[in-house]
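Working notes, structure below.
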Amino acid sequence: MLTMEQDYDAHSIEKKWQRSWSESRIFEPEPDEREKFFITIPYPYLNGNLHAGHTRTFTIGDVIARHKRMLGYNVLYPMGFHVTGTPIVGLAELIENNDPQTMDVYSRLHRIPDEILRTLTTPERIVEYFSVEAEKAMRYIGYSIDWRRKFTTTDETYKKFIAWQFDLLHDKGLIVKGAHPVKWCPNDNNPVEDHDILHGEEATIVDYTLIKFRHDGIVLPCATLRPETIFGVTNLWVNPEVDHAKIRVSRDGVEEIWVVSHQAYRKLTFTDRTVEFIENVPGRDLVGIKLKNPLSGNDMITLPASFVKPGNGSGIVMSVPAHAPYDYLALKDLYGKDLSEYGIKEDIRNIELISLIKAKDFGENPAVEAVEQLGVKDQNDPKAEEATKTVYRREFHSGVLKENTGKYAGIAVSKIKDILTRDLLNEGIGEVFYEFSEPVVCRCGTPCVVNMVKGQWFLNYSNPQWKENVYRCIERMNIIPEEIRVEFNNKVDWLKDKACARKKGLGTRLPFDKEWLIESLGDSTIYMSYYIMNKFFSQGIREEQLTHSLFDYVLLGKGSVQQTTIDTGIPEKTIANIKSDFDYWYPVDLRSSGKDLVPNHLLFFLFHHVAIFDEEKWPLSLAVNGFVSLEGEKMSKSKGPILTLREAVDTYGADISRMYILSSAEQTQDADWRNAGVESAKKQVERFYKLAKEIIDSGSQPGIEGELKLIDRWMLSRLQQCIRETNNDMTSLRTRGALQNAFFLLYNDVKWYQRRGGSALLYDVLDTWVRLMAPFTPHICEEIWTSMGHKEGNFVSQAAYPIFCPRFIDNDAELAEELVCNTLSDIEEIIKVTKITPKMIALYTSSQWRSKALKMALKMKNEDDLNPGKLIKTLMSDPENRKYGKEIPKYVQKLVPDIASMKTERFETMLGMKLDEMTILKENIACLENEIGCPVQVYSADEPDYDPQNKARLATPLRPAIYLE
RNA sequence: GCGGGAGUAACCAAGCGGCCAAAGGUGGUAGACUCAAGAUCUACUCGCGCAGGCGUUCGGGGGUUCGAAUCCCUUCUCCCGCACCA
């Protein structure tokens, strides 16, 4: 048996147990008859050392893994390293160039020794260095990871696996070729990334629908975010003061002549259209043109408007006066104006507004109503903006298309855009046109444009069937916390095709188009299965043996062992083992991750699983946790501040760091790592250590001799409550709540138990307590565990986790304890208020009739028939009670609402209550006397031998009357 | 703009229709132990109260209810994501 050191030395304890775990290989699971639990955390991206954010996410994973393991599951918790993509390449360049900020941050904050940092000038060296460091760090903090399965995403074997995956997706038609819009600097002739941007970092690319209105072989395109309003277009707006460009536009073999603003012409040259300038067209030449609405066939005309800005959209605007306040105002401004200079003779008043949306709280013409309600004067009135927003918002949320939209009638405005745009595209009436939400300027000073990159490979996430399967997957999954389920569904809905290959960076070549590299989010979607296979691959299987047929057989069950052996040269037995391992471990039981990965990695993880695997291999649950900041400041890998995992463990120790990070915030909430907070966690752990040592040193033994005292039963009961709550919290990954129960509340209860003279159960309580805490602070728990006499090799990490045992719940013991506590605090309060120093205290327990009344009331409520009148009558019918005739109704009047409003749980406890208050109080006289410091006497209110102030009549059940002398 | 989330006592934070003036932890105050400090333990920590009580609180306003921190409406403030980047 090990003897605990006097003082808690985190580092020596932790080192010892880490070595012990590693030597005994207890975290290297193999399939067996137990139920399995496969938990994975996204592998870290290695452009720096692991930091506090990783610490939180990985520790959650480890705590869950340890909890499940102790519950009897066969748990697999593996880890790998992600290096695909450009940042590591970029970092190598920065180090090569001795970039001052980078060198500073990486030496000071990532704590890389200078002589090593200087050598990290290639991506390979960076990957090598950080992967070694990351593994060391994860071992230092005591994660129960099976390290036999680790890999890096640039391993040749991994690349074979990724190539297989992408060939498969390609064959399934889920990878398609297309063009996609990027922020582009025409001067640098390059895409701009966020850090290249001078202004407009917030800008997003918005997809407008371009509606092509035709006149005499010429197209006047209008860009709109609301293509459905095309049904309500009465005219187009052209700014007569602005020069326009007539251009030849061709795409996909179709050639058209367009007229747009010069700015729009320039933008068009960056799209996937071929554009050629023909001539300049003054704006006024475009006014007064007659055209037809391409959808409704209505006659329309172009009208002059000064509000039209040539830099927005195409420079030509469609007018929907029934629904757009600006259009209505501009139209009204023209009423009665002489437009003959544009060759317009018609009276503008004859233009009829066309209403096409029915929205809540609006009548026929929402724009008119909004303008009138807000009293907007004209198109230059600032309130016009407000009117526009109001109409837009209300129509978007509650609007439905009217009959005059033909086959679209009845569709909600919020749903119509995609449907209609697709139809307009197909009919050649519309096109898509991208524009920034705000101007974007490159660092070089050049205004940026949206450029279409051609020949790009996409994962076809917009595919409705694919999405349908993902929805189904989410529906049957356990999402933790449940509130984020809706967010997942929203994100699936929002997801469009995703470019999945680039030209730069580390990674795997696209197998069917070798000039492209698979992008990092695509090669990290189903790699959890690779952990299972890699245990075999790393034992001498060469990459050329990893044929498609091997993966087909192992992961999809296609083909046969025999054929796969012929293809790969891998023995049948090995292949069969790989497959049976896969079938044992898969699917992923829980994937837990930081919330930043929701709209990307976690989504793709689901998409790829449903695309590749059979339903029974789809992931079962997903959990998400919040970020970590440092003393209120956001962390940044490249700029700081940053706290590495190593630094935290070096400073505070593994157990303290683990406990602190998990106790400081729950689930999706962000945690703030604060020095003061860790310091207090340190105190808590030390206190735990001391108390455990004290209990062990006192020679406390398991089991109990003789009868349990009330306080023992109380302790057992409380312990069960803690066990129940801790397990409940763990099941939903509420680590903070779990610690609250398993540590703080239990600690207080144990202290109270000791204070009340309890001692018999200390060993057993500690035994349970150590197991409750083991997932959180495993090292110290191993130390205490062996010190308690558990044999060597008998790890607490493998002990049975305490589970709730209802037979130890003792409501009476808890109520009795409550009675004593409440009585004590009542006495203390009276002392405080009256400032009396009592020489003697008399307690009077409730009179019989009140106890009866309470019982009766509880019974009535139980029978759902709680009725004050009836209760009074019943009580009065007992001749014994007659003498209390005046008090009974009073008491009942107070009692009934109390009982009526009781929580179920409390009610049930009360209902089953069998307490003899007199005995309990008498038993605890010593305790009360000790706490207050004067003699205490207990009487029954029915026959108080001594009651000078007539207090006894105030006594009620569970609340004795008190007299201070 | 769209979508998601949050606002609780000095601070972090639980509670999400009724023993809620509101768990737990920090910090603070007082006391015990100690030569002293630390650690530990005990009490108090919204206000008022010479008998266990009362009054005002849970971003602001309004409502539902016998009863609201908890439900509904409205308003303000803050955080996160909006893509080809890990």
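Identifiers in this document derive from the order of the structure tokens: chains are assigned A, B, ..., residues are numbered from 1 separately in each chain, and ligands are numbered from 1 in order of occurrence.
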Counting only C-alpha atoms (C1' of nucleotides), what are the residues of chain B within 7 Å of chain A, and for each of them which pair of atoms is the nearest and at what distance in Å, to one decimal? Sort the table by chain and rising number, as JSON lines.
```
{"residue": "B:G4", "atom": "C1'", "partner": "A:Glu487", "partner_atom": "CA", "distance": 6.3}
{"residue": "B:G18", "atom": "C1'", "partner": "A:Ser901", "partner_atom": "CA", "distance": 5.0}
{"residue": "B:G24", "atom": "C1'", "partner": "A:Gln740", "partner_atom": "CA", "distance": 6.5}
{"residue": "B:C50", "atom": "C1'", "partner": "A:Thr834", "partner_atom": "CA", "distance": 4.1}
{"residue": "B:A51", "atom": "C1'", "partner": "A:Ile830", "partner_atom": "CA", "distance": 5.4}
{"residue": "B:G52", "atom": "C1'", "partner": "A:Asp826", "partner_atom": "CA", "distance": 4.8}
{"residue": "B:C84", "atom": "C1'", "partner": "A:Ala499", "partner_atom": "CA", "distance": 5.5}
```
Residues near region 573-575 of chain A, cut-off 12 Å, only C-alpha atoms (C1' of nucleotides), skip fewer than 2 positions along chain, as JSON, numbers by chain: {"A": [533, 535, 536, 537, 539, 540, 541, 545, 546, 549, 550, 551, 552, 553, 554, 555, 557, 560, 561, 562, 563, 564, 565, 566, 567, 568, 569, 570, 571, 577, 578, 579, 580, 581, 582]}
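Distances to Lys290 (chain A) were evaluated for A:Ala952, A:Ile218, A:Leu334, A:Ala774 using only C-alpha atoms, and the minimum falls at A:Ile218.
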For U75 (chain B): contacts at 12 Å, only C-alpha atoms (C1' of nucleotides), fewer than 3 positions along chain excluded, given as a VMD selection string: chain B and resid 59 to 62
Which of region 180-300 of chain A DSSP labels strand (DSSP E or B), written as JSON, numbers by chain: {"A": [180, 181, 182, 183, 184, 185, 190, 191, 197, 198, 199, 205, 206, 207, 208, 209, 210, 211, 212, 213, 214, 215, 218, 219, 220, 221, 222, 223, 224, 235, 236, 237, 238, 243, 244, 245, 246, 247, 248, 249, 250, 251, 254, 255, 256, 257, 258, 259, 260, 261, 274, 275, 276, 277, 278, 279, 280, 281, 282, 290, 291, 292, 299, 300]}
Non-local contacts of region 524-529 of chain A (7 Å; only C-alpha atoms (C1' of nucleotides); under 2 positions in same chain excluded) as a list in words: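 The residues that qualify are Ser520, Leu521, Gly522, Tyr531, Ile532, Met533, Phe604, Phe605, His608 and His609 of chain A.
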Gap from CA of Ile26 (chain A) to CA of Leu590 (chain A) - Å, one decimal: 20.7 Å
Who sits within 7 Å of region 56-72 of chain A, only C-alpha atoms (C1' of nucleotides), same chain under 4 positions skipped, as a PyMOL selection string: chain A and resi 39+41+52+77+143-144+592-594+625+658+661-662+775-776+797-801
For Met910 (chain A): contacts at 9 Å, only C-alpha atoms (C1' of nucleotides), fewer than 2 positions along chain excluded, given as a ChimeraX atom specification: /A:811-812,815,855,858,905-908,912-914
For those residues, write all heavy atoms to a file as a short mmCIF file (atom, residue, chain, number, x, y, z; two decimals), in the first residue's frame.
```
data_model
loop_
_atom_site.label_atom_id
_atom_site.label_comp_id
_atom_site.auth_asym_id
_atom_site.auth_seq_id
_atom_site.Cartn_x
_atom_site.Cartn_y
_atom_site.Cartn_z
N ASN A 811 -35.24 9.53 2.72
CA ASN A 811 -35.89 10.82 2.84
C ASN A 811 -36.04 11.24 4.29
O ASN A 811 -35.88 12.41 4.62
CB ASN A 811 -37.27 10.78 2.19
CG ASN A 811 -37.15 10.73 0.68
OD1 ASN A 811 -36.23 11.32 0.12
ND2 ASN A 811 -38.05 10.01 0.04
N ASP A 812 -36.34 10.29 5.14
CA ASP A 812 -36.53 10.64 6.53
C ASP A 812 -35.23 11.17 7.15
O ASP A 812 -35.25 12.13 7.91
CB ASP A 812 -37.05 9.43 7.32
CG ASP A 812 -38.56 9.28 7.13
OD1 ASP A 812 -39.14 10.16 6.45
OD2 ASP A 812 -39.13 8.32 7.65
N LEU A 815 -34.85 14.63 5.92
CA LEU A 815 -35.79 15.55 6.56
C LEU A 815 -35.38 15.81 8.01
O LEU A 815 -35.47 16.93 8.50
CB LEU A 815 -37.20 14.96 6.53
CG LEU A 815 -37.97 15.17 5.23
CD1 LEU A 815 -39.27 14.38 5.26
CD2 LEU A 815 -38.25 16.64 4.98
N LYS A 855 -50.66 15.55 7.71
CA LYS A 855 -50.76 14.22 7.09
C LYS A 855 -52.02 14.12 6.25
O LYS A 855 -52.01 13.61 5.13
CB LYS A 855 -50.79 13.14 8.19
CG LYS A 855 -49.42 12.82 8.75
CD LYS A 855 -49.23 11.29 8.85
CE LYS A 855 -47.77 10.91 8.71
NZ LYS A 855 -46.90 11.52 9.73
N LEU A 858 -51.79 16.15 3.10
CA LEU A 858 -50.94 15.49 2.11
C LEU A 858 -51.70 14.36 1.43
O LEU A 858 -51.63 14.17 0.22
CB LEU A 858 -49.68 14.94 2.79
CG LEU A 858 -48.65 15.99 3.23
CD1 LEU A 858 -47.67 15.40 4.21
CD2 LEU A 858 -47.93 16.57 2.02
N GLU A 905 -41.57 16.50 -6.20
CA GLU A 905 -40.52 15.75 -5.50
C GLU A 905 -40.64 15.96 -3.99
O GLU A 905 -40.63 15.02 -3.20
CB GLU A 905 -39.16 16.24 -5.98
CG GLU A 905 -38.08 15.18 -5.91
CD GLU A 905 -36.80 15.73 -6.51
OE1 GLU A 905 -36.82 16.15 -7.70
OE2 GLU A 905 -35.81 15.77 -5.79
N ARG A 906 -40.78 17.22 -3.64
CA ARG A 906 -40.91 17.58 -2.24
C ARG A 906 -42.17 16.93 -1.65
O ARG A 906 -42.16 16.39 -0.55
CB ARG A 906 -41.00 19.10 -2.15
CG ARG A 906 -41.20 19.65 -0.75
CD ARG A 906 -39.90 19.55 0.01
NE ARG A 906 -40.09 19.97 1.41
CZ ARG A 906 -39.17 19.85 2.35
NH1 ARG A 906 -38.01 19.30 2.05
NH2 ARG A 906 -39.39 20.25 3.57
N PHE A 907 -43.22 16.99 -2.42
CA PHE A 907 -44.49 16.43 -1.97
C PHE A 907 -44.36 14.95 -1.65
O PHE A 907 -44.81 14.47 -0.62
CB PHE A 907 -45.56 16.66 -3.03
CG PHE A 907 -46.84 15.92 -2.77
CD1 PHE A 907 -47.68 16.34 -1.75
CD2 PHE A 907 -47.19 14.81 -3.52
CE1 PHE A 907 -48.85 15.65 -1.49
CE2 PHE A 907 -48.35 14.12 -3.27
CZ PHE A 907 -49.19 14.54 -2.25
N GLU A 908 -43.68 14.24 -2.56
CA GLU A 908 -43.53 12.81 -2.35
C GLU A 908 -42.71 12.50 -1.11
O GLU A 908 -43.00 11.57 -0.36
CB GLU A 908 -42.94 12.15 -3.59
CG GLU A 908 -44.05 11.83 -4.59
CD GLU A 908 -43.54 11.66 -6.00
OE1 GLU A 908 -42.32 11.52 -6.21
OE2 GLU A 908 -44.40 11.65 -6.91
N GLY A 912 -44.30 10.51 2.32
CA GLY A 912 -43.80 9.26 2.91
C GLY A 912 -43.13 9.47 4.26
O GLY A 912 -42.59 8.54 4.84
N MET A 913 -43.18 10.71 4.75
CA MET A 913 -42.43 11.05 5.95
C MET A 913 -42.92 10.30 7.19
O MET A 913 -44.11 10.26 7.48
CB MET A 913 -42.56 12.55 6.18
CG MET A 913 -41.96 13.05 7.44
SD MET A 913 -42.02 14.84 7.52
CE MET A 913 -43.76 15.14 7.76
N LYS A 914 -41.96 9.72 7.92
CA LYS A 914 -42.31 9.07 9.20
C LYS A 914 -41.29 9.55 10.21
O LYS A 914 -40.31 8.89 10.47
CB LYS A 914 -42.21 7.55 9.04
CG LYS A 914 -43.36 6.91 8.31
CD LYS A 914 -43.30 5.41 8.54
CE LYS A 914 -43.55 4.64 7.27
NZ LYS A 914 -42.47 4.55 6.32
#
```
Counting only C-alpha atoms, the option among A:Val238, A:Ile211, A:Ile723, A:Val287 closest to Ser340 (chain A):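 Between A:Val238, A:Ile211, A:Ile723, A:Val287, the residue approaching Ser340 (chain A) most closely is A:Val287.
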Shell around Pro802 (chain A) at 10 Å using only C-alpha atoms (C1' of nucleotides), local window under 3 positions removed, as a list in words: Met70, Leu71, Leu719, Gln720, Cys722, Ile723, Arg724, Thr726, Asn727, Asp767, Thr768, Trp769, Val770, Arg771, Leu772, Ala799 and Cys805 of chain A
Go ahead and write the selection's residues with C-alpha atoms as a PDB file, in the first residue's frame.
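Here's the written file result09.pdb:
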```
ATOM      1  CA  MET A  70     -15.537   3.179 -15.780  1.00  0.00           C
ATOM      2  CA  LEU A  71     -19.150   2.496 -16.623  1.00  0.00           C
ATOM      3  CA  LEU A 719     -24.019  10.592  -1.606  1.00  0.00           C
ATOM      4  CA  GLN A 720     -26.604   8.927  -3.824  1.00  0.00           C
ATOM      5  CA  CYS A 722     -24.515  13.373  -5.873  1.00  0.00           C
ATOM      6  CA  ILE A 723     -23.993  10.164  -7.803  1.00  0.00           C
ATOM      7  CA  ARG A 724     -27.269  10.537  -9.624  1.00  0.00           C
ATOM      8  CA  THR A 726     -23.096  13.604 -11.561  1.00  0.00           C
ATOM      9  CA  ASN A 727     -24.041  10.790 -13.911  1.00  0.00           C
ATOM     10  CA  ASP A 767     -13.962   5.269  -1.995  1.00  0.00           C
ATOM     11  CA  THR A 768     -16.996   6.408  -3.949  1.00  0.00           C
ATOM     12  CA  TRP A 769     -15.831   9.969  -4.127  1.00  0.00           C
ATOM     13  CA  VAL A 770     -12.475   9.095  -5.631  1.00  0.00           C
ATOM     14  CA  ARG A 771     -14.224   7.112  -8.336  1.00  0.00           C
ATOM     15  CA  LEU A 772     -16.614   9.987  -8.995  1.00  0.00           C
ATOM     16  CA  ALA A 799     -12.776   0.804 -11.390  1.00  0.00           C
ATOM     17  CA  CYS A 805     -28.678   3.213  -6.001  1.00  0.00           C
TER      18      CYS A 805
END
```
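For the atom pair formed by CA of Asp7 (chain A) and CA of Tyr660 (chain A), the distance is 20.0 Å, given to one decimal.
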Counting only C-alpha atoms, the option among A:Trp17, A:Tyr763, A:Phe804, A:Phe277 closest to Ile695 (chain A): A:Tyr763
Nearest to A22 (chain B) by atom-to-atom distance, counting only C-alpha atoms (C1' of nucleotides), from B:U64, B:C58, B:C2, B:U70: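 Ranked by minimum distance to A22 (chain B), first place goes to B:C58.
For the pair CA of Glu124 (chain A) and CA of Lys514 (chain A), the interatomic distance is 21.2 Å.
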Which residue of A:His215, A:Arg394, A:Lys36, A:Lys709 approaches Trp258 (chain A) most closely, using only C-alpha atoms: A:His215
